Amino acid sequence: SAVISQKPSRDICQRGTSLTIQCQVDSQVTMMFWYRQQPGQSLTLIATANQGSEATYESGFVIDKFPISRPNLTFSTLTVSNMSPEDSSIYLCSVEYQGTGPNSPLHFGNGTRLTVT
Amino acid sequence: GENVEQHPSTLSVQEGDSAVIKCTYSDSASNYFPWYKQELGKGPQLIIDIRSNVGEKKDQRIAVTLNKTAKHFSLHITETQPEDSAVYFCAASKPNQGGKLIFGQGTELSVKP
């Protein structure tokens with residue numbers, strides 16, 4: 001499986017500021033995904049990041065709030081903009097592992113634990 | 001859209017006993033069902049998955065069963081060990097949407113030595 005590294009692993013930020021989270025994968029992958037896990041809750045897909053095109057956002061998430069970059073096949077960033085305490089969550093980068101079958105298993109990094117004060 | 005319900009939310013078992021976690025899904029078009037284990041401070045780790053053309057899959061102490069008619073699937077852990085303690089998530093996705101997983105609410109499993 002791919003090795004996924006996220007930076008920072010955690011941060012405490014002031015409201016109104018922005019934080020950029022980096023995701024580095026040790027192999028080239030076509031699609032990268034950003035998920036959010038609110039405290040004690042399940043995971044929700046924010047957006048899909050494809051290399052060379054704009055990210056595709058899920059309902060409830062907008063580019064102005066969560067801009068994403070995907071400059072190459074091994075790297076992506078997610079920015080959480082103009083943060084409020086409600087943005088306190090774990091943000092997770094994930095990639096598809098090219099296994100067999102029409103749906104490839106999804107592998108996750110260890111996440112970025114964000115607290116907004 | 002797809003909705004995945006997971007039960008129970010917490011589960012406590014004695015070491016050596018079996019643990020069963022159940023999930024139901026709403027969209028009959030879903031065809032891929034992975035299970036993840038999340039330990040404290042870590043990201044979810046894929047432990048087993050099943051596709052809709054298979055009714056059961058086993059990997060050592062872990063097994064997953066799928067009932068397409070009833071739209072539910074279950075995780076079975078036998079001979080539980082303290083290191084199995086974690087939060088377990090089920091998920092579902094539709095064809096060609098492998099990256100878009102709809103997750104259940106999670107089950108916190110505690111295995112008491």
# chains A, B, ... in the order shown; residues from 1 in each chain; ligands from 1

$ residues_around --residues "range 108-114 of chain A" --least-positions-apart "4" --cutoff "10 Å" --atoms "only C-alpha atoms" --output "PDB file with N, CA, C and O atoms, in the first residue's frame"
ATOM      1  N   ALA A   2       0.293   2.372  -0.436  1.00  0.00           N
ATOM      2  CA  ALA A   2       1.032   3.626  -0.507  1.00  0.00           C
ATOM      3  C   ALA A   2       1.313   4.165   0.892  1.00  0.00           C
ATOM      4  O   ALA A   2       0.545   3.964   1.826  1.00  0.00           O
ATOM      5  N   VAL A   3       2.459   4.863   1.018  1.00  0.00           N
ATOM      6  CA  VAL A   3       2.777   5.564   2.258  1.00  0.00           C
ATOM      7  C   VAL A   3       2.349   7.010   2.086  1.00  0.00           C
ATOM      8  O   VAL A   3       2.781   7.685   1.148  1.00  0.00           O
ATOM      9  N   ILE A   4       1.492   7.464   2.978  1.00  0.00           N
ATOM     10  CA  ILE A   4       0.917   8.802   2.884  1.00  0.00           C
ATOM     11  C   ILE A   4       1.395   9.621   4.078  1.00  0.00           C
ATOM     12  O   ILE A   4       1.174   9.227   5.225  1.00  0.00           O
ATOM     13  N   SER A   5       2.022  10.752   3.801  1.00  0.00           N
ATOM     14  CA  SER A   5       2.544  11.602   4.871  1.00  0.00           C
ATOM     15  C   SER A   5       1.815  12.935   4.862  1.00  0.00           C
ATOM     16  O   SER A   5       1.696  13.567   3.804  1.00  0.00           O
ATOM     17  N   GLN A   6       1.348  13.343   6.014  1.00  0.00           N
ATOM     18  CA  GLN A   6       0.660  14.614   6.139  1.00  0.00           C
ATOM     19  C   GLN A   6       1.430  15.542   7.074  1.00  0.00           C
ATOM     20  O   GLN A   6       1.954  15.114   8.106  1.00  0.00           O
ATOM     21  N   LYS A   7       1.425  16.827   6.727  1.00  0.00           N
ATOM     22  CA  LYS A   7       2.018  17.843   7.576  1.00  0.00           C
ATOM     23  C   LYS A   7       1.099  19.047   7.647  1.00  0.00           C
ATOM     24  O   LYS A   7       0.533  19.427   6.611  1.00  0.00           O
ATOM     25  N   PRO A   8       0.930  19.692   8.787  1.00  0.00           N
ATOM     26  CA  PRO A   8       1.418  19.228  10.084  1.00  0.00           C
ATOM     27  C   PRO A   8       0.553  18.090  10.623  1.00  0.00           C
ATOM     28  O   PRO A   8      -0.532  17.842  10.118  1.00  0.00           O
ATOM     29  N   SER A   9       1.034  17.409  11.643  1.00  0.00           N
ATOM     30  CA  SER A   9       0.225  16.344  12.244  1.00  0.00           C
ATOM     31  C   SER A   9      -0.845  16.946  13.148  1.00  0.00           C
ATOM     32  O   SER A   9      -1.910  16.351  13.335  1.00  0.00           O
ATOM     33  N   ARG A  10      -0.568  18.104  13.700  1.00  0.00           N
ATOM     34  CA  ARG A  10      -1.557  18.810  14.507  1.00  0.00           C
ATOM     35  C   ARG A  10      -1.211  20.288  14.551  1.00  0.00           C
ATOM     36  O   ARG A  10      -0.062  20.661  14.333  1.00  0.00           O
ATOM     37  N   ASP A  11      -2.216  21.106  14.833  1.00  0.00           N
ATOM     38  CA  ASP A  11      -1.976  22.543  14.966  1.00  0.00           C
ATOM     39  C   ASP A  11      -3.116  23.174  15.748  1.00  0.00           C
ATOM     40  O   ASP A  11      -4.248  22.668  15.739  1.00  0.00           O
ATOM     41  N   ILE A  12      -2.783  24.246  16.416  1.00  0.00           N
ATOM     42  CA  ILE A  12      -3.771  25.066  17.112  1.00  0.00           C
ATOM     43  C   ILE A  12      -3.719  26.441  16.462  1.00  0.00           C
ATOM     44  O   ILE A  12      -2.649  27.067  16.400  1.00  0.00           O
ATOM     45  N   CYS A  13      -4.838  26.902  15.955  1.00  0.00           N
ATOM     46  CA  CYS A  13      -4.865  28.141  15.175  1.00  0.00           C
ATOM     47  C   CYS A  13      -5.902  29.104  15.736  1.00  0.00           C
ATOM     48  O   CYS A  13      -6.879  28.706  16.365  1.00  0.00           O
ATOM     49  N   LEU A  19      -4.918  27.755   7.384  1.00  0.00           N
ATOM     50  CA  LEU A  19      -3.899  26.715   7.547  1.00  0.00           C
ATOM     51  C   LEU A  19      -3.846  25.873   6.283  1.00  0.00           C
ATOM     52  O   LEU A  19      -4.886  25.442   5.777  1.00  0.00           O
ATOM     53  N   ILE A  21      -2.553  22.362   4.714  1.00  0.00           N
ATOM     54  CA  ILE A  21      -2.157  21.005   5.060  1.00  0.00           C
ATOM     55  C   ILE A  21      -1.552  20.358   3.822  1.00  0.00           C
ATOM     56  O   ILE A  21      -2.122  20.445   2.729  1.00  0.00           O
ATOM     57  N   GLN A  22      -0.421  19.708   4.014  1.00  0.00           N
ATOM     58  CA  GLN A  22       0.265  19.067   2.897  1.00  0.00           C
ATOM     59  C   GLN A  22       0.100  17.551   2.964  1.00  0.00           C
ATOM     60  O   GLN A  22       0.106  16.964   4.048  1.00  0.00           O
ATOM     61  N   CYS A  23      -0.010  16.945   1.803  1.00  0.00           N
ATOM     62  CA  CYS A  23      -0.104  15.495   1.698  1.00  0.00           C
ATOM     63  C   CYS A  23       0.873  15.017   0.631  1.00  0.00           C
ATOM     64  O   CYS A  23       0.782  15.440  -0.527  1.00  0.00           O
ATOM     65  N   GLN A  24       1.787  14.133   1.055  1.00  0.00           N
ATOM     66  CA  GLN A  24       2.796  13.590   0.153  1.00  0.00           C
ATOM     67  C   GLN A  24       2.635  12.084   0.080  1.00  0.00           C
ATOM     68  O   GLN A  24       2.541  11.415   1.115  1.00  0.00           O
ATOM     69  N   VAL A  25       2.613  11.537  -1.128  1.00  0.00           N
ATOM     70  CA  VAL A  25       2.469  10.092  -1.322  1.00  0.00           C
ATOM     71  C   VAL A  25       3.756   9.564  -1.945  1.00  0.00           C
ATOM     72  O   VAL A  25       4.377  10.245  -2.769  1.00  0.00           O
ATOM     73  N   MET A  32      -6.523  11.852  -5.516  1.00  0.00           N
ATOM     74  CA  MET A  32      -6.331  12.017  -4.087  1.00  0.00           C
ATOM     75  C   MET A  32      -7.610  12.618  -3.516  1.00  0.00           C
ATOM     76  O   MET A  32      -8.312  13.370  -4.202  1.00  0.00           O
ATOM     77  N   PHE A  33      -7.892  12.252  -2.294  1.00  0.00           N
ATOM     78  CA  PHE A  33      -9.153  12.651  -1.677  1.00  0.00           C
ATOM     79  C   PHE A  33      -8.882  13.291  -0.325  1.00  0.00           C
ATOM     80  O   PHE A  33      -8.025  12.840   0.418  1.00  0.00           O
ATOM     81  N   TRP A  34      -9.669  14.299  -0.003  1.00  0.00           N
ATOM     82  CA  TRP A  34      -9.573  14.945   1.305  1.00  0.00           C
ATOM     83  C   TRP A  34     -10.874  14.714   2.074  1.00  0.00           C
ATOM     84  O   TRP A  34     -11.963  14.992   1.568  1.00  0.00           O
ATOM     85  N   TYR A  35     -10.711  14.183   3.293  1.00  0.00           N
ATOM     86  CA  TYR A  35     -11.848  13.894   4.162  1.00  0.00           C
ATOM     87  C   TYR A  35     -11.734  14.737   5.425  1.00  0.00           C
ATOM     88  O   TYR A  35     -10.648  15.128   5.851  1.00  0.00           O
ATOM     89  N   ARG A  36     -12.870  14.961   6.064  1.00  0.00           N
ATOM     90  CA  ARG A  36     -12.915  15.627   7.360  1.00  0.00           C
ATOM     91  C   ARG A  36     -13.568  14.676   8.369  1.00  0.00           C
ATOM     92  O   ARG A  36     -14.566  14.014   8.057  1.00  0.00           O
ATOM     93  N   GLN A  37     -13.000  14.657   9.561  1.00  0.00           N
ATOM     94  CA  GLN A  37     -13.564  13.867  10.661  1.00  0.00           C
ATOM     95  C   GLN A  37     -13.749  14.796  11.841  1.00  0.00           C
ATOM     96  O   GLN A  37     -12.781  15.149  12.523  1.00  0.00           O
ATOM     97  N   GLN A  38     -14.968  15.200  12.081  1.00  0.00           N
ATOM     98  CA  GLN A  38     -15.251  16.083  13.201  1.00  0.00           C
ATOM     99  C   GLN A  38     -15.142  15.293  14.499  1.00  0.00           C
ATOM    100  O   GLN A  38     -15.266  14.053  14.500  1.00  0.00           O
ATOM    101  N   PRO A  39     -14.902  15.989  15.621  1.00  0.00           N
ATOM    102  CA  PRO A  39     -14.612  15.301  16.890  1.00  0.00           C
ATOM    103  C   PRO A  39     -15.629  14.211  17.225  1.00  0.00           C
ATOM    104  O   PRO A  39     -16.831  14.479  17.281  1.00  0.00           O
ATOM    105  N   VAL A  80      -7.531  25.349   4.863  1.00  0.00           N
ATOM    106  CA  VAL A  80      -8.749  25.668   5.593  1.00  0.00           C
ATOM    107  C   VAL A  80      -8.697  27.178   5.822  1.00  0.00           C
ATOM    108  O   VAL A  80      -7.818  27.672   6.544  1.00  0.00           O
ATOM    109  N   PRO A  85     -14.084  28.103  15.141  1.00  0.00           N
ATOM    110  CA  PRO A  85     -14.006  26.916  15.995  1.00  0.00           C
ATOM    111  C   PRO A  85     -14.710  25.696  15.387  1.00  0.00           C
ATOM    112  O   PRO A  85     -14.311  24.558  15.661  1.00  0.00           O
ATOM    113  N   ASP A  87     -14.440  24.587  12.555  1.00  0.00           N
ATOM    114  CA  ASP A  87     -13.519  23.896  11.654  1.00  0.00           C
ATOM    115  C   ASP A  87     -12.587  22.950  12.397  1.00  0.00           C
ATOM    116  O   ASP A  87     -11.797  22.229  11.761  1.00  0.00           O
ATOM    117  N   SER A  88     -12.665  22.932  13.715  1.00  0.00           N
ATOM    118  CA  SER A  88     -11.835  22.012  14.499  1.00  0.00           C
ATOM    119  C   SER A  88     -12.213  20.582  14.136  1.00  0.00           C
ATOM    120  O   SER A  88     -13.347  20.149  14.365  1.00  0.00           O
ATOM    121  N   SER A  89     -11.276  19.861  13.563  1.00  0.00           N
ATOM    122  CA  SER A  89     -11.531  18.517  13.048  1.00  0.00           C
ATOM    123  C   SER A  89     -10.194  17.847  12.763  1.00  0.00           C
ATOM    124  O   SER A  89      -9.140  18.468  12.874  1.00  0.00           O
ATOM    125  N   ILE A  90     -10.299  16.588  12.359  1.00  0.00           N
ATOM    126  CA  ILE A  90      -9.151  15.910  11.776  1.00  0.00           C
ATOM    127  C   ILE A  90      -9.349  15.947  10.263  1.00  0.00           C
ATOM    128  O   ILE A  90     -10.422  15.583   9.764  1.00  0.00           O
ATOM    129  N   TYR A  91      -8.326  16.387   9.551  1.00  0.00           N
ATOM    130  CA  TYR A  91      -8.386  16.440   8.088  1.00  0.00           C
ATOM    131  C   TYR A  91      -7.462  15.346   7.556  1.00  0.00           C
ATOM    132  O   TYR A  91      -6.295  15.255   7.916  1.00  0.00           O
ATOM    133  N   LEU A  92      -8.028  14.503   6.700  1.00  0.00           N
ATOM    134  CA  LEU A  92      -7.338  13.293   6.255  1.00  0.00           C
ATOM    135  C   LEU A  92      -7.184  13.281   4.740  1.00  0.00           C
ATOM    136  O   LEU A  92      -8.139  13.528   4.004  1.00  0.00           O
ATOM    137  N   CYS A  93      -5.991  12.957   4.323  1.00  0.00           N
ATOM    138  CA  CYS A  93      -5.697  12.762   2.913  1.00  0.00           C
ATOM    139  C   CYS A  93      -5.793  11.264   2.618  1.00  0.00           C
ATOM    140  O   CYS A  93      -5.397  10.437   3.448  1.00  0.00           O
ATOM    141  N   SER A  94      -6.321  10.911   1.462  1.00  0.00           N
ATOM    142  CA  SER A  94      -6.413   9.499   1.118  1.00  0.00           C
ATOM    143  C   SER A  94      -6.172   9.303  -0.372  1.00  0.00           C
ATOM    144  O   SER A  94      -6.365  10.215  -1.177  1.00  0.00           O
ATOM    145  N   VAL A  95      -5.746   8.085  -0.699  1.00  0.00           N
ATOM    146  CA  VAL A  95      -5.497   7.743  -2.099  1.00  0.00           C
ATOM    147  C   VAL A  95      -6.050   6.358  -2.373  1.00  0.00           C
ATOM    148  O   VAL A  95      -6.172   5.534  -1.469  1.00  0.00           O
ATOM    149  N   GLU A  96      -6.355   6.120  -3.637  1.00  0.00           N
ATOM    150  CA  GLU A  96      -6.777   4.792  -4.050  1.00  0.00           C
ATOM    151  C   GLU A  96      -5.546   3.955  -4.347  1.00  0.00           C
ATOM    152  O   GLU A  96      -4.639   4.410  -5.035  1.00  0.00           O
TER     153      GLU A  96
ATOM    154  N   TYR B  36     -12.790  -0.281   8.222  1.00  0.00           N
ATOM    155  CA  TYR B  36     -11.585   0.394   8.676  1.00  0.00           C
ATOM    156  C   TYR B  36     -11.470   0.321  10.193  1.00  0.00           C
ATOM    157  O   TYR B  36     -12.475   0.353  10.909  1.00  0.00           O
ATOM    158  N   GLN B  38      -9.592   2.338  13.298  1.00  0.00           N
ATOM    159  CA  GLN B  38      -8.901   3.580  13.615  1.00  0.00           C
ATOM    160  C   GLN B  38      -8.454   3.570  15.072  1.00  0.00           C
ATOM    161  O   GLN B  38      -9.279   3.559  15.987  1.00  0.00           O
ATOM    162  N   GLU B  39      -7.163   3.565  15.270  1.00  0.00           N
ATOM    163  CA  GLU B  39      -6.596   3.643  16.606  1.00  0.00           C
ATOM    164  C   GLU B  39      -6.367   5.100  16.966  1.00  0.00           C
ATOM    165  O   GLU B  39      -6.274   5.972  16.087  1.00  0.00           O
ATOM    166  N   GLY B  41      -5.213   8.596  17.541  1.00  0.00           N
ATOM    167  CA  GLY B  41      -4.136   9.397  16.978  1.00  0.00           C
ATOM    168  C   GLY B  41      -3.679   8.972  15.600  1.00  0.00           C
ATOM    169  O   GLY B  41      -2.716   9.520  15.069  1.00  0.00           O
ATOM    170  N   LYS B  42      -4.381   8.009  15.006  1.00  0.00           N
ATOM    171  CA  LYS B  42      -3.988   7.521  13.686  1.00  0.00           C
ATOM    172  C   LYS B  42      -5.130   7.658  12.693  1.00  0.00           C
ATOM    173  O   LYS B  42      -6.280   7.870  13.055  1.00  0.00           O
ATOM    174  N   GLY B  43      -4.791   7.517  11.425  1.00  0.00           N
ATOM    175  CA  GLY B  43      -5.814   7.504  10.401  1.00  0.00           C
ATOM    176  C   GLY B  43      -6.460   6.137  10.294  1.00  0.00           C
ATOM    177  O   GLY B  43      -5.943   5.145  10.818  1.00  0.00           O
ATOM    178  N   PRO B  44      -7.602   6.037   9.634  1.00  0.00           N
ATOM    179  CA  PRO B  44      -8.260   4.742   9.467  1.00  0.00           C
ATOM    180  C   PRO B  44      -7.396   3.791   8.638  1.00  0.00           C
ATOM    181  O   PRO B  44      -6.792   4.198   7.643  1.00  0.00           O
ATOM    182  N   GLN B  45      -7.365   2.545   9.066  1.00  0.00           N
ATOM    183  CA  GLN B  45      -6.605   1.516   8.373  1.00  0.00           C
ATOM    184  C   GLN B  45      -7.565   0.489   7.805  1.00  0.00           C
ATOM    185  O   GLN B  45      -8.382  -0.076   8.539  1.00  0.00           O
ATOM    186  N   LEU B  46      -7.452   0.228   6.513  1.00  0.00           N
ATOM    187  CA  LEU B  46      -8.300  -0.772   5.875  1.00  0.00           C
ATOM    188  C   LEU B  46      -7.952  -2.163   6.427  1.00  0.00           C
ATOM    189  O   LEU B  46      -6.790  -2.570   6.422  1.00  0.00           O
TER     190      LEU B  46
END

$ interface_residues --of "chain B" --to "chain A" --cutoff "12 Å" --atoms "only C-alpha atoms" --output "PDB file with C-alpha atoms, in the first residue's frame"
ATOM      1  CA  GLY B   1     -28.048   9.623  -1.594  1.00  0.00           C
ATOM      2  CA  ASN B   3     -26.830   6.409   3.937  1.00  0.00           C
ATOM      3  CA  VAL B   4     -24.940   3.926   6.097  1.00  0.00           C
ATOM      4  CA  GLU B   5     -26.117   3.028   9.590  1.00  0.00           C
ATOM      5  CA  GLN B   6     -23.768   1.231  11.984  1.00  0.00           C
ATOM      6  CA  SER B   9     -21.878   2.541  18.786  1.00  0.00           C
ATOM      7  CA  SER B  30     -23.565   0.335  -3.799  1.00  0.00           C
ATOM      8  CA  ASN B  31     -21.217  -2.507  -4.609  1.00  0.00           C
ATOM      9  CA  TYR B  32     -18.100  -2.068  -2.475  1.00  0.00           C
ATOM     10  CA  PHE B  33     -17.982  -2.328   1.312  1.00  0.00           C
ATOM     11  CA  PRO B  34     -14.719  -1.765   3.201  1.00  0.00           C
ATOM     12  CA  TRP B  35     -14.092  -1.869   6.927  1.00  0.00           C
ATOM     13  CA  TYR B  36     -11.585   0.394   8.676  1.00  0.00           C
ATOM     14  CA  LYS B  37      -9.924   0.285  12.079  1.00  0.00           C
ATOM     15  CA  GLN B  38      -8.901   3.580  13.615  1.00  0.00           C
ATOM     16  CA  GLU B  39      -6.596   3.643  16.606  1.00  0.00           C
ATOM     17  CA  LEU B  40      -6.146   6.720  18.735  1.00  0.00           C
ATOM     18  CA  GLY B  41      -4.136   9.397  16.978  1.00  0.00           C
ATOM     19  CA  LYS B  42      -3.988   7.521  13.686  1.00  0.00           C
ATOM     20  CA  GLY B  43      -5.814   7.504  10.401  1.00  0.00           C
ATOM     21  CA  PRO B  44      -8.260   4.742   9.467  1.00  0.00           C
ATOM     22  CA  GLN B  45      -6.605   1.516   8.373  1.00  0.00           C
ATOM     23  CA  LEU B  46      -8.300  -0.772   5.875  1.00  0.00           C
ATOM     24  CA  ILE B  47      -8.705  -4.215   7.459  1.00  0.00           C
ATOM     25  CA  ILE B  48     -10.987  -6.032   5.053  1.00  0.00           C
ATOM     26  CA  ASP B  49     -13.337  -5.280   2.194  1.00  0.00           C
ATOM     27  CA  ILE B  50     -16.004  -7.100   0.209  1.00  0.00           C
ATOM     28  CA  ARG B  51     -17.586  -6.573  -3.162  1.00  0.00           C
ATOM     29  CA  SER B  52     -21.199  -7.217  -4.038  1.00  0.00           C
ATOM     30  CA  ASN B  53     -20.459 -10.331  -6.078  1.00  0.00           C
ATOM     31  CA  VAL B  87     -12.939   2.416  16.577  1.00  0.00           C
ATOM     32  CA  TYR B  88     -14.225   0.470  13.590  1.00  0.00           C
ATOM     33  CA  PHE B  89     -15.949   2.080  10.620  1.00  0.00           C
ATOM     34  CA  CYS B  90     -17.924   0.460   7.859  1.00  0.00           C
ATOM     35  CA  ALA B  91     -18.374   2.214   4.524  1.00  0.00           C
ATOM     36  CA  ALA B  92     -20.041   1.827   1.161  1.00  0.00           C
ATOM     37  CA  SER B  93     -19.448   3.134  -2.332  1.00  0.00           C
ATOM     38  CA  LYS B  94     -21.004   2.833  -5.759  1.00  0.00           C
ATOM     39  CA  PRO B  95     -19.372   1.624  -8.964  1.00  0.00           C
ATOM     40  CA  ASN B  96     -16.490   3.781 -10.183  1.00  0.00           C
ATOM     41  CA  GLN B  97     -16.731   5.948  -7.067  1.00  0.00           C
ATOM     42  CA  GLY B  98     -14.185   4.138  -4.968  1.00  0.00           C
ATOM     43  CA  GLY B  99     -12.818   7.320  -3.490  1.00  0.00           C
ATOM     44  CA  LYS B 100     -16.222   8.527  -2.406  1.00  0.00           C
ATOM     45  CA  LEU B 101     -16.922   6.396   0.619  1.00  0.00           C
ATOM     46  CA  ILE B 102     -20.005   6.883   2.734  1.00  0.00           C
ATOM     47  CA  PHE B 103     -19.043   5.946   6.282  1.00  0.00           C
ATOM     48  CA  GLY B 104     -21.062   4.586   9.151  1.00  0.00           C
ATOM     49  CA  GLN B 105     -20.950   6.330  12.505  1.00  0.00           C
ATOM     50  CA  GLY B 106     -18.312   4.055  13.980  1.00  0.00           C
ATOM     51  CA  THR B 107     -18.167   1.426  16.734  1.00  0.00           C
ATOM     52  CA  GLU B 108     -15.813   1.791  19.661  1.00  0.00           C
TER      53      GLU B 108
END

$ residues_around --residues "Glu54 in chain A" --least-positions-apart "5" --cutoff "12 Å" --atoms "only C-alpha atoms" --output "list in words"
Met31, Ala47, Thr48, Ala49, Ile63, Pro67, Ile68, Ser69, Arg70, Pro71 and Ser76 of chain A

$ atom_distance --atom1 "CA of Leu75 in chain B" --atom2 "CA of Ser18 in chain B"
10.4 Å

$ select_by_dssp --residues "chain A" --states "strand (DSSP E)" --output "count of residues only"
59

$ atom_distance --atom1 "CA of Ile62 in chain B" --atom2 "CA of Pro113 in chain B"
19.1 Å

$ atom_distance --atom1 "CA of Val116 in chain A" --atom2 "CA of Phe66 in chain A"
15.2 Å

$ residues_around --residues "Val111 in chain B" --least-positions-apart "4" --cutoff "6 Å" --atoms "only C-alpha atoms" --output "ChimeraX atom specification"
/B:12-15,82,85

$ closest_residue --among "B:Glu79, B:Lys22, B:Ser28, B:Asp84" --to "Val64 in chain B" --atoms "only C-alpha atoms"
B:Lys22

$ closest_residue --among "A:Asp64, A:Asp26, A:Phe75, A:Ser18" --to "Asn50 in chain A" --atoms "only C-alpha atoms"
A:Phe75

$ decode --residues "range 35-87 of chain B" --atoms "C-alpha atoms" --output "PDB file, in the first residue's frame"
ATOM      1  CA  TRP B  35     -14.092  -1.869   6.927  1.00  0.00           C
ATOM      2  CA  TYR B  36     -11.585   0.394   8.676  1.00  0.00           C
ATOM      3  CA  LYS B  37      -9.924   0.285  12.079  1.00  0.00           C
ATOM      4  CA  GLN B  38      -8.901   3.580  13.615  1.00  0.00           C
ATOM      5  CA  GLU B  39      -6.596   3.643  16.606  1.00  0.00           C
ATOM      6  CA  LEU B  40      -6.146   6.720  18.735  1.00  0.00           C
ATOM      7  CA  GLY B  41      -4.136   9.397  16.978  1.00  0.00           C
ATOM      8  CA  LYS B  42      -3.988   7.521  13.686  1.00  0.00           C
ATOM      9  CA  GLY B  43      -5.814   7.504  10.401  1.00  0.00           C
ATOM     10  CA  PRO B  44      -8.260   4.742   9.467  1.00  0.00           C
ATOM     11  CA  GLN B  45      -6.605   1.516   8.373  1.00  0.00           C
ATOM     12  CA  LEU B  46      -8.300  -0.772   5.875  1.00  0.00           C
ATOM     13  CA  ILE B  47      -8.705  -4.215   7.459  1.00  0.00           C
ATOM     14  CA  ILE B  48     -10.987  -6.032   5.053  1.00  0.00           C
ATOM     15  CA  ASP B  49     -13.337  -5.280   2.194  1.00  0.00           C
ATOM     16  CA  ILE B  50     -16.004  -7.100   0.209  1.00  0.00           C
ATOM     17  CA  ARG B  51     -17.586  -6.573  -3.162  1.00  0.00           C
ATOM     18  CA  SER B  52     -21.199  -7.217  -4.038  1.00  0.00           C
ATOM     19  CA  ASN B  53     -20.459 -10.331  -6.078  1.00  0.00           C
ATOM     20  CA  VAL B  54     -19.245 -12.114  -2.937  1.00  0.00           C
ATOM     21  CA  GLY B  55     -21.269 -13.113   0.101  1.00  0.00           C
ATOM     22  CA  GLU B  56     -18.470 -13.680   2.565  1.00  0.00           C
ATOM     23  CA  LYS B  57     -14.757 -13.029   2.912  1.00  0.00           C
ATOM     24  CA  LYS B  58     -12.361 -14.113   5.613  1.00  0.00           C
ATOM     25  CA  ASP B  59      -8.870 -13.074   6.616  1.00  0.00           C
ATOM     26  CA  GLN B  60      -7.534 -14.925   9.653  1.00  0.00           C
ATOM     27  CA  ARG B  61      -9.616 -13.764  12.651  1.00  0.00           C
ATOM     28  CA  ILE B  62     -11.637 -11.265  10.649  1.00  0.00           C
ATOM     29  CA  ALA B  63     -14.582 -12.007   8.396  1.00  0.00           C
ATOM     30  CA  VAL B  64     -17.164  -9.920   6.613  1.00  0.00           C
ATOM     31  CA  THR B  65     -20.574 -11.070   5.381  1.00  0.00           C
ATOM     32  CA  LEU B  66     -22.829  -9.300   2.902  1.00  0.00           C
ATOM     33  CA  ASN B  67     -26.549  -9.719   2.360  1.00  0.00           C
ATOM     34  CA  LYS B  68     -27.441  -7.745  -0.766  1.00  0.00           C
ATOM     35  CA  THR B  69     -31.137  -8.457  -0.517  1.00  0.00           C
ATOM     36  CA  ALA B  70     -31.376  -7.055   2.976  1.00  0.00           C
ATOM     37  CA  LYS B  71     -28.710  -4.414   2.253  1.00  0.00           C
ATOM     38  CA  HIS B  72     -26.640  -5.165   5.282  1.00  0.00           C
ATOM     39  CA  PHE B  73     -23.114  -6.322   5.978  1.00  0.00           C
ATOM     40  CA  SER B  74     -21.311  -7.328   9.128  1.00  0.00           C
ATOM     41  CA  LEU B  75     -17.798  -7.534  10.540  1.00  0.00           C
ATOM     42  CA  HIS B  76     -16.932 -10.553  12.659  1.00  0.00           C
ATOM     43  CA  ILE B  77     -13.811 -10.658  14.811  1.00  0.00           C
ATOM     44  CA  THR B  78     -13.079 -13.969  16.514  1.00  0.00           C
ATOM     45  CA  GLU B  79     -10.712 -14.665  19.416  1.00  0.00           C
ATOM     46  CA  THR B  80     -10.501 -10.975  20.221  1.00  0.00           C
ATOM     47  CA  GLN B  81      -7.312  -9.553  21.701  1.00  0.00           C
ATOM     48  CA  PRO B  82      -6.687  -6.293  23.603  1.00  0.00           C
ATOM     49  CA  GLU B  83      -4.937  -4.881  20.533  1.00  0.00           C
ATOM     50  CA  ASP B  84      -8.233  -5.169  18.647  1.00  0.00           C
ATOM     51  CA  SER B  85      -9.519  -2.284  20.790  1.00  0.00           C
ATOM     52  CA  ALA B  86     -10.170   0.639  18.452  1.00  0.00           C
ATOM     53  CA  VAL B  87     -12.939   2.416  16.577  1.00  0.00           C
TER      54      VAL B  87
END
